[in-house]
Amino acid sequence: MHLSRSTRIGIVGSVLTLAVVALTGCSASSTAATDDGSAASSSSGTWAKSKGTLVFGAVPDQAGSDANNKPLEEYIAKETGYQVEYYPTADYTALIAAAVAGKVDVMSSGGLQYVQATNKGAALAPVAATLSSPDVKDPGYYSEAITKAGSSVTSLKQAKGKTVCFVDPNSTSGFLFGLYQLNKAGVDVTTSGTDASGNPKFDAFTAYFAGAHDKSEQAVASGQCDVGFAEDSIAEPAAKKGDITVLGKQYVPGGPLSISTKLPKDVQTKLGDVLAGASPEAIKKAGITMTDGFTEGYFGAQAEDASYYKSIRDLCSTIPSADCAK
């Protein structure tokens, strides 16, 4: 849960049939459940760690990620009757790898990480998308193009030849939709190989990967980057403070709460219902202690399925430099 957007436990189209991969760890059975209806019986299935324990993985975008997720983890445990164990990951890549290896039963992420994980064979299905504020019913949010307040850069067309801040090559709003906005503005997003860290390099501009949405905004505000991208929950407060100027924005499907389709069918049903109904009010009513980090970034979820993320799959197919298509 990225308390910028993708931490909020971080649009149309056809229903995805998910691939099934072998999972590691202790399990109850090898029979799997899939999106297309070929489900396991109610008592058979595979758990990431052990029967009765749900492993929860989230994007570690900001410090305190585990503490920020704690109320949701405790709510899941109370409502399902299962133990919930947090799976620590160092970055987006590690979370995707954990999902592909079957090491998590529940994943809170951005839409791009979900698409990348399933493209690599992770047996995951989204059951809900998290809301961006207490006042909205649409779980979508915005990827915002930003520059330092007072900068001579006044449009994304001027990003040519400049240093551009992204969040991470696996970030939905901080990379994929950033490339989309640059491409739409006429900036060439063709890659010219990779740098020493394995991150993509570009012909038209110098890419800098800050590692988190707040760090991308800070790098732009300090002048380290001429242009950058961050989700609206980070960019808008900084703009109001006068640190940055917003050059443009693009709608992004809200971050999914996904569950393993390897879990027993009855567990999937129970877990899906709990996640779709996990409003802040319901969590409070359950007697769960709410942390500041959680209440500042989590506003509930709305039931969604794989079709909601079709726009991300489409961008992965049309922007090769994103390197996220199958």
# chains A, B, ... in the order shown; residues from 1 in each chain; ligands from 1
call {"tool": "select_by_dssp", "arguments": {"residues": "range 30-220 of chain A", "states": "strand (DSSP E or B)", "output": "ChimeraX atom specification"}}
result
/A:50,53-58,83-87,106-108,124-130,141-148,163-166,191-194,200-202,206-209
call {"tool": "closest_atom_pairs", "arguments": {"of": "range 104-218 of chain A", "to": "range 239-247 of chain A", "cutoff": "6 Å", "atoms": "only C-alpha atoms", "output": "tab-separated table"}}
result
residue	atom	partner	partner_atom	distance
A:Ala145	CA	A:Leu247	CA	5.3
A:Ile146	CA	A:Val246	CA	4.5
A:Thr147	CA	A:Thr245	CA	5.4
A:Lys148	CA	A:Ile244	CA	4.4
A:Ala149	CA	A:Ile244	CA	4.3
A:Ser155	CA	A:Leu247	CA	6.0
call {"tool": "residues_around", "arguments": {"residues": "Glu231 in chain A", "least_positions_apart": "3", "cutoff": "8 Å", "atoms": "only C-alpha atoms", "output": "ChimeraX atom specification"}}
result
/A:4-5,141-144,173-174,213,234-235
call {"tool": "select_by_dssp", "arguments": {"residues": "range 104-262 of chain A", "states": "helix (DSSP H, G or I)", "output": "number ranges by chain"}}
result
A: 111-119, 156-159, 172-184, 213-221, 232-241
call {"tool": "write_last_selection", "arguments": {"atoms": "C-alpha atoms", "output": "compact mmCIF listing (two decimals), in the first residue's frame"}}
result
# COMPACT_ATOMS: atom_id res chain seq x y z
CA GLY A 111 -2.35 -1.34 -11.84
CA LEU A 112 0.91 -1.72 -13.75
CA GLN A 113 2.43 -4.07 -11.18
CA TYR A 114 -0.69 -6.24 -11.35
CA VAL A 115 -0.50 -6.36 -15.17
CA GLN A 116 3.24 -7.08 -15.14
CA ALA A 117 2.84 -9.84 -12.55
CA THR A 118 0.05 -11.60 -14.47
CA ASN A 119 1.93 -11.18 -17.75
CA LEU A 156 5.84 18.76 -21.74
CA LYS A 157 7.07 19.50 -25.27
CA GLN A 158 10.02 21.21 -23.59
CA ALA A 159 11.09 17.97 -21.90
CA THR A 172 1.84 2.93 -13.06
CA SER A 173 1.38 6.68 -12.67
CA GLY A 174 5.06 7.44 -12.12
CA PHE A 175 6.34 5.81 -15.32
CA LEU A 176 3.86 4.16 -17.70
CA PHE A 177 1.43 7.08 -17.74
CA GLY A 178 4.36 9.50 -17.67
CA LEU A 179 5.65 7.98 -20.92
CA TYR A 180 2.15 8.19 -22.33
CA GLN A 181 1.93 11.93 -21.55
CA LEU A 182 5.36 12.60 -23.03
CA ASN A 183 4.49 10.64 -26.17
CA LYS A 184 1.20 12.52 -26.51
CA HIS A 213 6.39 9.42 -5.70
CA ASP A 214 7.37 11.81 -2.91
CA LYS A 215 11.04 11.56 -3.92
CA SER A 216 10.17 12.33 -7.54
CA GLU A 217 8.29 15.45 -6.46
CA GLN A 218 11.15 16.51 -4.18
CA ALA A 219 13.72 16.05 -6.95
CA VAL A 220 11.66 18.29 -9.22
CA ALA A 221 11.08 20.91 -6.50
CA ASP A 232 -1.97 13.45 -7.55
CA SER A 233 -1.92 12.70 -3.81
CA ILE A 234 1.73 13.85 -3.78
CA ALA A 235 1.70 16.47 -6.54
CA GLU A 236 -1.37 18.46 -5.52
CA PRO A 237 -0.25 19.29 -1.94
CA ALA A 238 3.19 20.31 -3.25
CA ALA A 239 1.56 22.53 -5.87
CA LYS A 240 -0.59 24.19 -3.22
CA LYS A 241 2.53 24.90 -1.17
call {"tool": "residues_around", "arguments": {"residues": "Pro169 in chain A", "least_positions_apart": "5", "cutoff": "9 Å", "atoms": "only C-alpha atoms", "output": "ChimeraX atom specification"}}
result
/A:92-93,174-176,199-200,209,322-323
call {"tool": "atom_distance", "arguments": {"atom1": "CA of Thr291 in chain A", "atom2": "CA of Ala276 in chain A"}}
result
20.5 Å
call {"tool": "residues_around", "arguments": {"residues": "range 252-256 of chain A", "least_positions_apart": "5", "cutoff": "7 Å", "atoms": "only C-alpha atoms", "output": "PDB file with N, CA, C and O atoms, in the first residue's frame"}}
result
ATOM      1  N   SER A   6      -0.450   4.257  -5.004  1.00  0.00           N
ATOM      2  CA  SER A   6      -0.397   2.805  -5.123  1.00  0.00           C
ATOM      3  C   SER A   6      -0.340   2.141  -3.787  1.00  0.00           C
ATOM      4  O   SER A   6      -0.615   0.982  -3.628  1.00  0.00           O
ATOM      5  N   ILE A   9      -3.488   0.654  -1.142  1.00  0.00           N
ATOM      6  CA  ILE A   9      -3.937  -0.706  -1.352  1.00  0.00           C
ATOM      7  C   ILE A   9      -4.666  -0.791  -2.652  1.00  0.00           C
ATOM      8  O   ILE A   9      -5.529   0.027  -2.792  1.00  0.00           O
ATOM      9  N   GLY A  10      -2.770   0.812  -4.248  1.00  0.00           N
ATOM     10  CA  GLY A  10      -1.942   2.026  -5.306  1.00  0.00           C
ATOM     11  C   GLY A  10      -2.543   1.576  -5.440  1.00  0.00           C
ATOM     12  O   GLY A  10      -2.945   2.313  -5.248  1.00  0.00           O
ATOM     13  N   ILE A  11      -9.615   0.324 -18.412  1.00  0.00           N
ATOM     14  CA  ILE A  11     -10.752   0.955 -17.718  1.00  0.00           C
ATOM     15  C   ILE A  11     -11.890   0.320 -18.420  1.00  0.00           C
ATOM     16  O   ILE A  11     -12.918   0.329 -18.103  1.00  0.00           O
ATOM     17  N   SER A 108      -1.503  -5.636  -2.705  1.00  0.00           N
ATOM     18  CA  SER A 108      -1.930  -4.259  -2.883  1.00  0.00           C
ATOM     19  C   SER A 108      -0.868  -3.573  -3.719  1.00  0.00           C
ATOM     20  O   SER A 108       0.310  -3.557  -3.360  1.00  0.00           O
ATOM     21  N   SER A 109      -1.268  -3.020  -4.881  1.00  0.00           N
ATOM     22  CA  SER A 109      -0.267  -2.494  -5.802  1.00  0.00           C
ATOM     23  C   SER A 109      -0.882  -1.454  -6.709  1.00  0.00           C
ATOM     24  O   SER A 109      -2.061  -1.121  -6.597  1.00  0.00           O
ATOM     25  N   GLY A 110      -0.075  -0.952  -7.626  1.00  0.00           N
ATOM     26  CA  GLY A 110      -0.590  -0.155  -8.713  1.00  0.00           C
ATOM     27  C   GLY A 110      -1.067  -1.083  -9.825  1.00  0.00           C
ATOM     28  O   GLY A 110      -0.744  -2.278  -9.841  1.00  0.00           O
ATOM     29  N   GLY A 111      -1.838  -0.537 -10.757  1.00  0.00           N
ATOM     30  CA  GLY A 111      -2.348  -1.344 -11.843  1.00  0.00           C
ATOM     31  C   GLY A 111      -1.251  -1.950 -12.701  1.00  0.00           C
ATOM     32  O   GLY A 111      -1.373  -3.089 -13.176  1.00  0.00           O
ATOM     33  N   PRO A 126      -7.812  -9.283  -9.583  1.00  0.00           N
ATOM     34  CA  PRO A 126      -8.237  -8.128  -8.798  1.00  0.00           C
ATOM     35  C   PRO A 126      -9.682  -8.307  -8.339  1.00  0.00           C
ATOM     36  O   PRO A 126     -10.524  -8.791  -9.105  1.00  0.00           O
ATOM     37  N   ALA A 128     -10.972  -5.642  -6.113  1.00  0.00           N
ATOM     38  CA  ALA A 128     -11.384  -4.282  -5.776  1.00  0.00           C
ATOM     39  C   ALA A 128     -10.290  -3.313  -6.182  1.00  0.00           C
ATOM     40  O   ALA A 128      -9.141  -3.697  -6.389  1.00  0.00           O
ATOM     41  N   ALA A 129     -10.681  -2.043  -6.315  1.00  0.00           N
ATOM     42  CA  ALA A 129      -9.724  -0.964  -6.574  1.00  0.00           C
ATOM     43  C   ALA A 129      -9.911   0.085  -5.495  1.00  0.00           C
ATOM     44  O   ALA A 129     -11.050   0.400  -5.118  1.00  0.00           O
ATOM     45  N   THR A 130      -8.827   0.615  -4.977  1.00  0.00           N
ATOM     46  CA  THR A 130      -8.917   1.540  -3.850  1.00  0.00           C
ATOM     47  C   THR A 130      -9.275   2.954  -4.297  1.00  0.00           C
ATOM     48  O   THR A 130      -8.924   3.384  -5.389  1.00  0.00           O
ATOM     49  N   LEU A 131      -9.969   3.669  -3.432  1.00  0.00           N
ATOM     50  CA  LEU A 131     -10.427   5.022  -3.714  1.00  0.00           C
ATOM     51  C   LEU A 131      -9.357   6.044  -3.357  1.00  0.00           C
ATOM     52  O   LEU A 131      -8.571   5.841  -2.427  1.00  0.00           O
ATOM     53  N   PRO A 139     -12.595   4.890  -8.393  1.00  0.00           N
ATOM     54  CA  PRO A 139     -11.279   4.628  -7.800  1.00  0.00           C
ATOM     55  C   PRO A 139     -10.097   5.182  -8.594  1.00  0.00           C
ATOM     56  O   PRO A 139      -8.957   5.118  -8.128  1.00  0.00           O
ATOM     57  N   GLY A 140     -10.346   5.735  -9.776  1.00  0.00           N
ATOM     58  CA  GLY A 140      -9.238   6.265 -10.567  1.00  0.00           C
ATOM     59  C   GLY A 140      -8.598   7.488  -9.935  1.00  0.00           C
ATOM     60  O   GLY A 140      -9.171   8.140  -9.069  1.00  0.00           O
ATOM     61  N   TYR A 141      -7.391   7.797 -10.370  1.00  0.00           N
ATOM     62  CA  TYR A 141      -6.646   8.960  -9.883  1.00  0.00           C
ATOM     63  C   TYR A 141      -5.856   9.532 -11.053  1.00  0.00           C
ATOM     64  O   TYR A 141      -6.147   9.214 -12.205  1.00  0.00           O
ATOM     65  N   TYR A 142      -4.886  10.385 -10.786  1.00  0.00           N
ATOM     66  CA  TYR A 142      -4.179  11.049 -11.880  1.00  0.00           C
ATOM     67  C   TYR A 142      -2.663  10.965 -11.737  1.00  0.00           C
ATOM     68  O   TYR A 142      -2.118  11.106 -10.635  1.00  0.00           O
ATOM     69  N   SER A 143      -2.026  10.742 -12.876  1.00  0.00           N
ATOM     70  CA  SER A 143      -0.582  10.893 -13.003  1.00  0.00           C
ATOM     71  C   SER A 143      -0.357  12.341 -13.416  1.00  0.00           C
ATOM     72  O   SER A 143      -0.888  12.790 -14.434  1.00  0.00           O
ATOM     73  N   SER A 173       1.516   5.246 -12.415  1.00  0.00           N
ATOM     74  CA  SER A 173       1.376   6.684 -12.670  1.00  0.00           C
ATOM     75  C   SER A 173       2.716   7.383 -12.755  1.00  0.00           C
ATOM     76  O   SER A 173       2.830   8.440 -13.383  1.00  0.00           O
ATOM     77  N   TYR A 309      -8.628  -2.946 -15.893  1.00  0.00           N
ATOM     78  CA  TYR A 309      -7.226  -2.627 -16.162  1.00  0.00           C
ATOM     79  C   TYR A 309      -6.849  -2.811 -17.636  1.00  0.00           C
ATOM     80  O   TYR A 309      -5.671  -2.841 -17.981  1.00  0.00           O
TER      81      TYR A 309
END
call {"tool": "atom_distance", "arguments": {"atom1": "CA of Lys70 in chain A", "atom2": "CA of Tyr308 in chain A"}}
result
26.6 Å
call {"tool": "residues_around", "arguments": {"residues": "Gly52 in chain A", "least_positions_apart": "2", "cutoff": "9 Å", "atoms": "only C-alpha atoms", "output": "ChimeraX atom specification"}}
result
/A:47,49-50,54,81-84
call {"tool": "write_last_selection", "arguments": {"atoms": "all heavy atoms", "output": "PDB file, in the first residue's frame"}}
result
ATOM      1  N   TRP A  47      -2.039 -22.323  -0.511  1.00  0.00           N
ATOM      2  CA  TRP A  47      -1.740 -21.111   0.249  1.00  0.00           C
ATOM      3  C   TRP A  47      -0.269 -20.762   0.038  1.00  0.00           C
ATOM      4  O   TRP A  47       0.572 -21.636  -0.117  1.00  0.00           O
ATOM      5  CB  TRP A  47      -2.001 -21.326   1.739  1.00  0.00           C
ATOM      6  CG  TRP A  47      -3.394 -21.738   2.089  1.00  0.00           C
ATOM      7  CD1 TRP A  47      -3.994 -22.940   1.827  1.00  0.00           C
ATOM      8  CD2 TRP A  47      -4.375 -20.950   2.773  1.00  0.00           C
ATOM      9  NE1 TRP A  47      -5.276 -22.952   2.309  1.00  0.00           N
ATOM     10  CE2 TRP A  47      -5.550 -21.741   2.898  1.00  0.00           C
ATOM     11  CE3 TRP A  47      -4.378 -19.656   3.302  1.00  0.00           C
ATOM     12  CZ2 TRP A  47      -6.702 -21.283   3.525  1.00  0.00           C
ATOM     13  CZ3 TRP A  47      -5.529 -19.195   3.941  1.00  0.00           C
ATOM     14  CH2 TRP A  47      -6.673 -19.993   4.041  1.00  0.00           C
ATOM     15  N   LYS A  49       1.957 -19.623   2.115  1.00  0.00           N
ATOM     16  CA  LYS A  49       2.834 -20.095   3.185  1.00  0.00           C
ATOM     17  C   LYS A  49       2.306 -21.362   3.821  1.00  0.00           C
ATOM     18  O   LYS A  49       2.931 -22.412   3.761  1.00  0.00           O
ATOM     19  CB  LYS A  49       3.017 -19.004   4.246  1.00  0.00           C
ATOM     20  CG  LYS A  49       3.962 -19.406   5.362  1.00  0.00           C
ATOM     21  CD  LYS A  49       4.157 -18.283   6.369  1.00  0.00           C
ATOM     22  CE  LYS A  49       5.129 -18.734   7.461  1.00  0.00           C
ATOM     23  NZ  LYS A  49       5.325 -17.673   8.487  1.00  0.00           N
ATOM     24  N   SER A  50       1.153 -21.276   4.464  1.00  0.00           N
ATOM     25  CA  SER A  50       0.552 -22.433   5.112  1.00  0.00           C
ATOM     26  C   SER A  50      -0.941 -22.214   5.250  1.00  0.00           C
ATOM     27  O   SER A  50      -1.425 -21.068   5.249  1.00  0.00           O
ATOM     28  CB  SER A  50       1.179 -22.665   6.497  1.00  0.00           C
ATOM     29  OG  SER A  50       0.996 -21.535   7.328  1.00  0.00           O
ATOM     30  N   LEU A  54      -2.771 -15.926   5.551  1.00  0.00           N
ATOM     31  CA  LEU A  54      -2.770 -15.130   4.329  1.00  0.00           C
ATOM     32  C   LEU A  54      -1.544 -14.221   4.328  1.00  0.00           C
ATOM     33  O   LEU A  54      -1.335 -13.470   5.277  1.00  0.00           O
ATOM     34  CB  LEU A  54      -4.035 -14.272   4.245  1.00  0.00           C
ATOM     35  CG  LEU A  54      -5.349 -15.019   4.075  1.00  0.00           C
ATOM     36  CD1 LEU A  54      -6.528 -14.070   4.284  1.00  0.00           C
ATOM     37  CD2 LEU A  54      -5.424 -15.661   2.693  1.00  0.00           C
ATOM     38  N   GLY A  81     -11.037 -14.630   9.816  1.00  0.00           N
ATOM     39  CA  GLY A  81     -10.663 -15.641  10.792  1.00  0.00           C
ATOM     40  C   GLY A  81      -9.312 -16.261  10.519  1.00  0.00           C
ATOM     41  O   GLY A  81      -8.869 -17.167  11.233  1.00  0.00           O
ATOM     42  N   TYR A  82      -8.611 -15.766   9.493  1.00  0.00           N
ATOM     43  CA  TYR A  82      -7.280 -16.279   9.172  1.00  0.00           C
ATOM     44  C   TYR A  82      -6.205 -15.350   9.731  1.00  0.00           C
ATOM     45  O   TYR A  82      -6.457 -14.177   9.985  1.00  0.00           O
ATOM     46  CB  TYR A  82      -7.085 -16.381   7.652  1.00  0.00           C
ATOM     47  CG  TYR A  82      -8.139 -17.195   6.950  1.00  0.00           C
ATOM     48  CD1 TYR A  82      -8.905 -16.644   5.926  1.00  0.00           C
ATOM     49  CD2 TYR A  82      -8.375 -18.523   7.312  1.00  0.00           C
ATOM     50  CE1 TYR A  82      -9.887 -17.386   5.275  1.00  0.00           C
ATOM     51  CE2 TYR A  82      -9.352 -19.267   6.673  1.00  0.00           C
ATOM     52  CZ  TYR A  82     -10.109 -18.692   5.654  1.00  0.00           C
ATOM     53  OH  TYR A  82     -11.083 -19.428   5.026  1.00  0.00           O
ATOM     54  N   GLN A  83      -5.023 -15.886   9.913  1.00  0.00           N
ATOM     55  CA  GLN A  83      -3.892 -15.046  10.278  1.00  0.00           C
ATOM     56  C   GLN A  83      -3.446 -14.291   9.031  1.00  0.00           C
ATOM     57  O   GLN A  83      -3.571 -14.789   7.907  1.00  0.00           O
ATOM     58  CB  GLN A  83      -2.725 -15.897  10.809  1.00  0.00           C
ATOM     59  CG  GLN A  83      -3.005 -16.575  12.144  1.00  0.00           C
ATOM     60  CD  GLN A  83      -1.784 -17.312  12.674  1.00  0.00           C
ATOM     61  OE1 GLN A  83      -0.765 -17.444  11.994  1.00  0.00           O
ATOM     62  NE2 GLN A  83      -1.878 -17.805  13.894  1.00  0.00           N
ATOM     63  N   VAL A  84      -2.915 -13.075   9.227  1.00  0.00           N
ATOM     64  CA  VAL A  84      -2.394 -12.290   8.109  1.00  0.00           C
ATOM     65  C   VAL A  84      -0.950 -11.922   8.409  1.00  0.00           C
ATOM     66  O   VAL A  84      -0.646 -11.390   9.473  1.00  0.00           O
ATOM     67  CB  VAL A  84      -3.228 -11.019   7.862  1.00  0.00           C
ATOM     68  CG1 VAL A  84      -2.611 -10.185   6.744  1.00  0.00           C
ATOM     69  CG2 VAL A  84      -4.669 -11.383   7.509  1.00  0.00           C
TER      70      VAL A  84
END
call {"tool": "atom_distance", "arguments": {"atom1": "CA of Lys249 in chain A", "atom2": "CA of Asn69 in chain A"}}
result
27.4 Å
call {"tool": "residues_around", "arguments": {"residues": "Val100 in chain A", "least_positions_apart": "4", "cutoff": "7 Å", "atoms": "only C-alpha atoms", "output": "PyMOL selection string"}}
result
chain A and resi 96+117+120-122
call {"tool": "closest_residue", "arguments": {"among": "A:Asp105, A:Glu296, A:Asp188, A:Asp314", "to": "Thr261 in chain A", "atoms": "only C-alpha atoms"}}
result
A:Asp105
call {"tool": "closest_residue", "arguments": {"among": "A:Val104, A:Ala303, A:Met290, A:Ala282", "to": "Thr46 in chain A", "atoms": "only C-alpha atoms"}}
result
A:Val104
call {"tool": "closest_residue", "arguments": {"among": "A:Glu304, A:Ala99, A:Ser152, A:Ser321", "to": "Thr194 in chain A", "atoms": "only C-alpha atoms"}}
result
A:Ser321
